[in-house]
Amino acid sequence: MRIGLISDTHIPEAGPELWPQAYERLRGVDLILHAGDIHVLEVIDKLEAIAPIYVARGNGDDGGAGRPVVPEDPRLREAWALNLEGFRVGLTHDIALPEWPPHRTLDTIMDHYFGGPQDIIVHGDTHVASVETLRGVLLVNPGSPMYPRNLNTRLGTIAFLELKDGHANAWLEQLDETGSHRVEEQPRYV
């Protein structure tokens, strides 16, 4: 199973729609997980034309910074706890790392959003793409295809998660004029 990961699209404030390179690169995935801050449901509709989609409601989708509140939609929740190919996959917008023990730890975050431990968590909010493992949990932030690192509107990043034969492999891709290219970073496995 190949899953496209995207977050922080910020349409229409980042531009009238996602870069065509993002849509093109996501074609052929089995599922899309969007980690929030869509701002308009049309983004979900266009991505769902590519593959089934789950979307986390971001702080900007709830009217943050004076933005309009995104209407309720069955594809949109604060958090999703999914079972995909035998992996527990959590999806939410902001997991508020780094930890601040004893109250905010990875375990308390997983309990709060997902009702228990996860193997993989997909999150966004920071616009900084990352793939890391914390105490056996694969954490993937696809960054933002529109506002990478909260800078000017420009081509940014998306990510992919491949679940196959009991293994999970995640990687980041930088969008460019020709589509995208894999970021020079070692993929992480669970």
# chains A, B, ... in the order shown; residues from 1 in each chain; ligands from 1
>>> select_by_dssp(residues="stretch 7-49 of chain A", states="strand (DSSP E)", output="ChimeraX atom specification")
/A:31-34
>>> residues_around(residues="stretch 8-23 of chain A", least_positions_apart="2", cutoff="10 Å", atoms="only C-alpha atoms", output="PyMOL selection string")
chain A and resi 4+6+25-27+34-43+46-47+49-50+58+60-61+67+93+123-127+142-148+150+152-158+173-180
>>> residues_around(residues="A:Leu76", least_positions_apart="5", cutoff="8 Å", atoms="only C-alpha atoms", output="ChimeraX atom specification")
/A:54-57
>>> closest_residue(among="A:Lys164, A:Asp107, A:Glu78, A:Ala96", to="A:Asp62", atoms="only C-alpha atoms")
A:Glu78
>>> closest_residue(among="A:Gln118, A:Gly63, A:Leu84, A:Glu48", to="A:Arg2", atoms="only C-alpha atoms")
A:Leu84
>>> atom_distance(atom1="atom CA of A:His112", atom2="atom CA of A:Asn83")
17.4 Å
>>> residues_around(residues="A:Leu91", least_positions_apart="6", cutoff="6 Å", atoms="only C-alpha atoms", output="number ranges by chain")
A: 79-80, 121-122
>>> select_by_dssp(residues="stretch 9-176 of chain A", states="helix (DSSP H, G or I)", output="PDB file with N, CA, C and O atoms, in the first residue's frame")
ATOM      1  N   PRO A  20       0.290  22.009  -9.580  1.00  0.00           N
ATOM      2  CA  PRO A  20      -0.033  20.808 -10.368  1.00  0.00           C
ATOM      3  C   PRO A  20       0.940  19.661 -10.099  1.00  0.00           C
ATOM      4  O   PRO A  20       0.583  18.499 -10.204  1.00  0.00           O
ATOM      5  N   GLN A  21       2.174  19.978  -9.725  1.00  0.00           N
ATOM      6  CA  GLN A  21       3.165  18.939  -9.429  1.00  0.00           C
ATOM      7  C   GLN A  21       2.721  18.071  -8.252  1.00  0.00           C
ATOM      8  O   GLN A  21       3.017  16.877  -8.216  1.00  0.00           O
ATOM      9  N   ALA A  22       2.019  18.653  -7.290  1.00  0.00           N
ATOM     10  CA  ALA A  22       1.553  17.869  -6.139  1.00  0.00           C
ATOM     11  C   ALA A  22       0.508  16.861  -6.592  1.00  0.00           C
ATOM     12  O   ALA A  22       0.581  15.675  -6.248  1.00  0.00           O
ATOM     13  N   TYR A  23      -0.461  17.309  -7.378  1.00  0.00           N
ATOM     14  CA  TYR A  23      -1.483  16.389  -7.882  1.00  0.00           C
ATOM     15  C   TYR A  23      -0.849  15.295  -8.734  1.00  0.00           C
ATOM     16  O   TYR A  23      -1.167  14.115  -8.600  1.00  0.00           O
ATOM     17  N   GLU A  24       0.063  15.690  -9.608  1.00  0.00           N
ATOM     18  CA  GLU A  24       0.690  14.715 -10.507  1.00  0.00           C
ATOM     19  C   GLU A  24       1.467  13.667  -9.726  1.00  0.00           C
ATOM     20  O   GLU A  24       1.378  12.474 -10.009  1.00  0.00           O
ATOM     21  N   ARG A  25       2.216  14.100  -8.719  1.00  0.00           N
ATOM     22  CA  ARG A  25       3.038  13.155  -7.964  1.00  0.00           C
ATOM     23  C   ARG A  25       2.192  12.205  -7.122  1.00  0.00           C
ATOM     24  O   ARG A  25       2.579  11.070  -6.897  1.00  0.00           O
ATOM     25  N   LEU A  26       1.019  12.669  -6.676  1.00  0.00           N
ATOM     26  CA  LEU A  26       0.155  11.818  -5.846  1.00  0.00           C
ATOM     27  C   LEU A  26      -0.651  10.808  -6.668  1.00  0.00           C
ATOM     28  O   LEU A  26      -1.182   9.850  -6.104  1.00  0.00           O
ATOM     29  N   LEU A  41     -12.850  23.115   1.464  1.00  0.00           N
ATOM     30  CA  LEU A  41     -13.165  21.711   1.168  1.00  0.00           C
ATOM     31  C   LEU A  41     -12.813  21.325  -0.263  1.00  0.00           C
ATOM     32  O   LEU A  41     -12.610  20.143  -0.549  1.00  0.00           O
ATOM     33  N   GLU A  42     -12.709  22.275  -1.162  1.00  0.00           N
ATOM     34  CA  GLU A  42     -12.377  21.954  -2.558  1.00  0.00           C
ATOM     35  C   GLU A  42     -11.045  21.224  -2.676  1.00  0.00           C
ATOM     36  O   GLU A  42     -10.850  20.408  -3.579  1.00  0.00           O
ATOM     37  N   VAL A  43     -10.114  21.504  -1.753  1.00  0.00           N
ATOM     38  CA  VAL A  43      -8.826  20.793  -1.761  1.00  0.00           C
ATOM     39  C   VAL A  43      -9.064  19.299  -1.534  1.00  0.00           C
ATOM     40  O   VAL A  43      -8.493  18.458  -2.234  1.00  0.00           O
ATOM     41  N   ILE A  44      -9.930  18.974  -0.575  1.00  0.00           N
ATOM     42  CA  ILE A  44     -10.237  17.567  -0.307  1.00  0.00           C
ATOM     43  C   ILE A  44     -10.890  16.934  -1.535  1.00  0.00           C
ATOM     44  O   ILE A  44     -10.553  15.819  -1.925  1.00  0.00           O
ATOM     45  N   ASP A  45     -11.827  17.649  -2.148  1.00  0.00           N
ATOM     46  CA  ASP A  45     -12.517  17.114  -3.325  1.00  0.00           C
ATOM     47  C   ASP A  45     -11.540  16.777  -4.446  1.00  0.00           C
ATOM     48  O   ASP A  45     -11.624  15.709  -5.057  1.00  0.00           O
ATOM     49  N   LYS A  46     -10.606  17.672  -4.712  1.00  0.00           N
ATOM     50  CA  LYS A  46      -9.638  17.439  -5.805  1.00  0.00           C
ATOM     51  C   LYS A  46      -8.685  16.295  -5.474  1.00  0.00           C
ATOM     52  O   LYS A  46      -8.348  15.499  -6.345  1.00  0.00           O
ATOM     53  N   LEU A  47      -8.258  16.213  -4.210  1.00  0.00           N
ATOM     54  CA  LEU A  47      -7.375  15.110  -3.830  1.00  0.00           C
ATOM     55  C   LEU A  47      -8.124  13.784  -3.818  1.00  0.00           C
ATOM     56  O   LEU A  47      -7.571  12.752  -4.189  1.00  0.00           O
ATOM     57  N   GLU A  48      -9.393  13.821  -3.421  1.00  0.00           N
ATOM     58  CA  GLU A  48     -10.186  12.586  -3.386  1.00  0.00           C
ATOM     59  C   GLU A  48     -10.452  12.044  -4.789  1.00  0.00           C
ATOM     60  O   GLU A  48     -10.711  10.853  -4.951  1.00  0.00           O
ATOM     61  N   ASN A  59      -5.558  23.954  12.965  1.00  0.00           N
ATOM     62  CA  ASN A  59      -5.944  25.154  13.697  1.00  0.00           C
ATOM     63  C   ASN A  59      -6.480  26.231  12.757  1.00  0.00           C
ATOM     64  O   ASN A  59      -7.393  26.970  13.113  1.00  0.00           O
ATOM     65  N   GLY A  60      -5.970  26.322  11.555  1.00  0.00           N
ATOM     66  CA  GLY A  60      -6.477  27.284  10.579  1.00  0.00           C
ATOM     67  C   GLY A  60      -7.839  26.897  10.020  1.00  0.00           C
ATOM     68  O   GLY A  60      -8.574  27.752   9.521  1.00  0.00           O
ATOM     69  N   ASP A  61      -8.189  25.625  10.110  1.00  0.00           N
ATOM     70  CA  ASP A  61      -9.504  25.174   9.635  1.00  0.00           C
ATOM     71  C   ASP A  61     -10.596  25.501  10.649  1.00  0.00           C
ATOM     72  O   ASP A  61     -11.779  25.460  10.331  1.00  0.00           O
ATOM     73  N   GLY A  64      -8.580  29.870  13.012  1.00  0.00           N
ATOM     74  CA  GLY A  64      -7.361  30.479  13.543  1.00  0.00           C
ATOM     75  C   GLY A  64      -6.890  31.625  12.677  1.00  0.00           C
ATOM     76  O   GLY A  64      -7.028  31.606  11.454  1.00  0.00           O
ATOM     77  N   ALA A  65      -6.365  32.666  13.306  1.00  0.00           N
ATOM     78  CA  ALA A  65      -5.829  33.856  12.630  1.00  0.00           C
ATOM     79  C   ALA A  65      -6.895  34.554  11.782  1.00  0.00           C
ATOM     80  O   ALA A  65      -6.592  35.159  10.758  1.00  0.00           O
ATOM     81  N   GLY A  66      -8.151  34.454  12.210  1.00  0.00           N
ATOM     82  CA  GLY A  66      -9.225  35.154  11.523  1.00  0.00           C
ATOM     83  C   GLY A  66      -9.705  34.511  10.233  1.00  0.00           C
ATOM     84  O   GLY A  66     -10.483  35.102   9.487  1.00  0.00           O
ATOM     85  N   LEU A 106       5.021  11.704  24.328  1.00  0.00           N
ATOM     86  CA  LEU A 106       4.476  11.005  23.170  1.00  0.00           C
ATOM     87  C   LEU A 106       3.331  10.093  23.593  1.00  0.00           C
ATOM     88  O   LEU A 106       2.304  10.025  22.914  1.00  0.00           O
ATOM     89  N   ASP A 107       3.465   9.428  24.724  1.00  0.00           N
ATOM     90  CA  ASP A 107       2.400   8.538  25.198  1.00  0.00           C
ATOM     91  C   ASP A 107       1.114   9.300  25.507  1.00  0.00           C
ATOM     92  O   ASP A 107       0.023   8.866  25.132  1.00  0.00           O
ATOM     93  N   THR A 108       1.208  10.443  26.191  1.00  0.00           N
ATOM     94  CA  THR A 108      -0.014  11.204  26.504  1.00  0.00           C
ATOM     95  C   THR A 108      -0.628  11.805  25.241  1.00  0.00           C
ATOM     96  O   THR A 108      -1.850  11.902  25.136  1.00  0.00           O
ATOM     97  N   ILE A 109       0.204  12.186  24.292  1.00  0.00           N
ATOM     98  CA  ILE A 109      -0.299  12.700  23.010  1.00  0.00           C
ATOM     99  C   ILE A 109      -1.071  11.602  22.282  1.00  0.00           C
ATOM    100  O   ILE A 109      -2.175  11.827  21.778  1.00  0.00           O
ATOM    101  N   MET A 110      -0.498  10.390  22.236  1.00  0.00           N
ATOM    102  CA  MET A 110      -1.181   9.282  21.553  1.00  0.00           C
ATOM    103  C   MET A 110      -2.482   8.925  22.263  1.00  0.00           C
ATOM    104  O   MET A 110      -3.500   8.670  21.603  1.00  0.00           O
ATOM    105  N   ASP A 111      -2.481   8.912  23.585  1.00  0.00           N
ATOM    106  CA  ASP A 111      -3.722   8.641  24.331  1.00  0.00           C
ATOM    107  C   ASP A 111      -4.779   9.693  24.030  1.00  0.00           C
ATOM    108  O   ASP A 111      -5.941   9.368  23.797  1.00  0.00           O
ATOM    109  N   HIS A 112      -4.384  10.964  24.024  1.00  0.00           N
ATOM    110  CA  HIS A 112      -5.334  12.062  23.804  1.00  0.00           C
ATOM    111  C   HIS A 112      -5.955  12.002  22.410  1.00  0.00           C
ATOM    112  O   HIS A 112      -7.174  12.076  22.256  1.00  0.00           O
ATOM    113  N   TYR A 113      -5.131  11.899  21.385  1.00  0.00           N
ATOM    114  CA  TYR A 113      -5.641  11.969  20.006  1.00  0.00           C
ATOM    115  C   TYR A 113      -6.167  10.643  19.473  1.00  0.00           C
ATOM    116  O   TYR A 113      -7.112  10.623  18.690  1.00  0.00           O
ATOM    117  N   PHE A 114      -5.523   9.546  19.843  1.00  0.00           N
ATOM    118  CA  PHE A 114      -5.808   8.271  19.183  1.00  0.00           C
ATOM    119  C   PHE A 114      -6.335   7.194  20.115  1.00  0.00           C
ATOM    120  O   PHE A 114      -6.610   6.082  19.682  1.00  0.00           O
ATOM    121  N   PRO A 148       6.555  26.060   2.405  1.00  0.00           N
ATOM    122  CA  PRO A 148       7.562  25.287   3.144  1.00  0.00           C
ATOM    123  C   PRO A 148       8.294  26.163   4.146  1.00  0.00           C
ATOM    124  O   PRO A 148       8.670  27.291   3.843  1.00  0.00           O
ATOM    125  N   ARG A 149       8.413  25.641   5.356  1.00  0.00           N
ATOM    126  CA  ARG A 149       9.092  26.327   6.455  1.00  0.00           C
ATOM    127  C   ARG A 149       8.518  27.721   6.714  1.00  0.00           C
ATOM    128  O   ARG A 149       9.202  28.619   7.166  1.00  0.00           O
ATOM    129  N   ASN A 150       7.218  27.897   6.392  1.00  0.00           N
ATOM    130  CA  ASN A 150       6.512  29.169   6.597  1.00  0.00           C
ATOM    131  C   ASN A 150       7.137  30.328   5.825  1.00  0.00           C
ATOM    132  O   ASN A 150       7.041  31.475   6.243  1.00  0.00           O
TER     133      ASN A 150
END
>>> decode(residues="stretch 125-142 of chain A", atoms="N, CA and C atoms", output="CSV table (one decimal), in the first residue's frame")
chain,number,residue,atom,x,y,z
A,125,ASP,N,1.5,21.1,10.8
A,125,ASP,CA,1.5,22.4,11.5
A,125,ASP,C,2.7,23.2,11.4
A,126,THR,N,3.9,22.6,11.5
A,126,THR,CA,5.1,23.4,11.5
A,126,THR,C,5.6,23.8,10.1
A,127,HIS,N,5.1,23.1,9.0
A,127,HIS,CA,5.5,23.3,7.6
A,127,HIS,C,7.0,22.9,7.4
A,128,VAL,N,7.5,22.2,8.4
A,128,VAL,CA,8.9,21.7,8.3
A,128,VAL,C,8.8,20.2,8.1
A,129,ALA,N,9.2,19.7,6.9
A,129,ALA,CA,9.2,18.3,6.6
A,129,ALA,C,10.2,17.5,7.4
A,130,SER,N,9.7,16.4,7.9
A,130,SER,CA,10.6,15.5,8.7
A,130,SER,C,10.1,14.1,8.8
A,131,VAL,N,11.0,13.2,8.8
A,131,VAL,CA,10.8,11.8,9.1
A,131,VAL,C,11.7,11.3,10.2
A,132,GLU,N,11.1,10.9,11.3
A,132,GLU,CA,12.0,10.5,12.4
A,132,GLU,C,11.3,9.4,13.2
A,133,THR,N,12.0,8.8,14.1
A,133,THR,CA,11.5,7.7,14.9
A,133,THR,C,11.7,8.1,16.4
A,134,LEU,N,10.7,8.1,17.2
A,134,LEU,CA,10.8,8.4,18.6
A,134,LEU,C,10.2,7.2,19.4
A,135,ARG,N,11.1,6.6,20.1
A,135,ARG,CA,10.7,5.4,20.9
A,135,ARG,C,9.9,4.4,20.1
A,136,GLY,N,10.3,4.1,18.9
A,136,GLY,CA,9.7,3.1,18.1
A,136,GLY,C,8.5,3.6,17.3
A,137,VAL,N,8.1,4.8,17.4
A,137,VAL,CA,7.0,5.4,16.7
A,137,VAL,C,7.5,6.2,15.5
A,138,LEU,N,7.1,5.9,14.3
A,138,LEU,CA,7.5,6.6,13.1
A,138,LEU,C,6.7,7.9,13.0
A,139,LEU,N,7.3,9.0,13.0
A,139,LEU,CA,6.7,10.3,12.9
A,139,LEU,C,7.0,10.9,11.6
A,140,VAL,N,5.9,11.3,10.8
A,140,VAL,CA,6.1,11.9,9.5
A,140,VAL,C,5.4,13.2,9.4
A,141,ASN,N,6.1,14.2,9.1
A,141,ASN,CA,5.5,15.5,8.8
A,141,ASN,C,5.9,15.8,7.4
A,142,PRO,N,4.9,15.8,6.5
A,142,PRO,CA,5.2,16.1,5.1
A,142,PRO,C,5.6,17.5,4.7
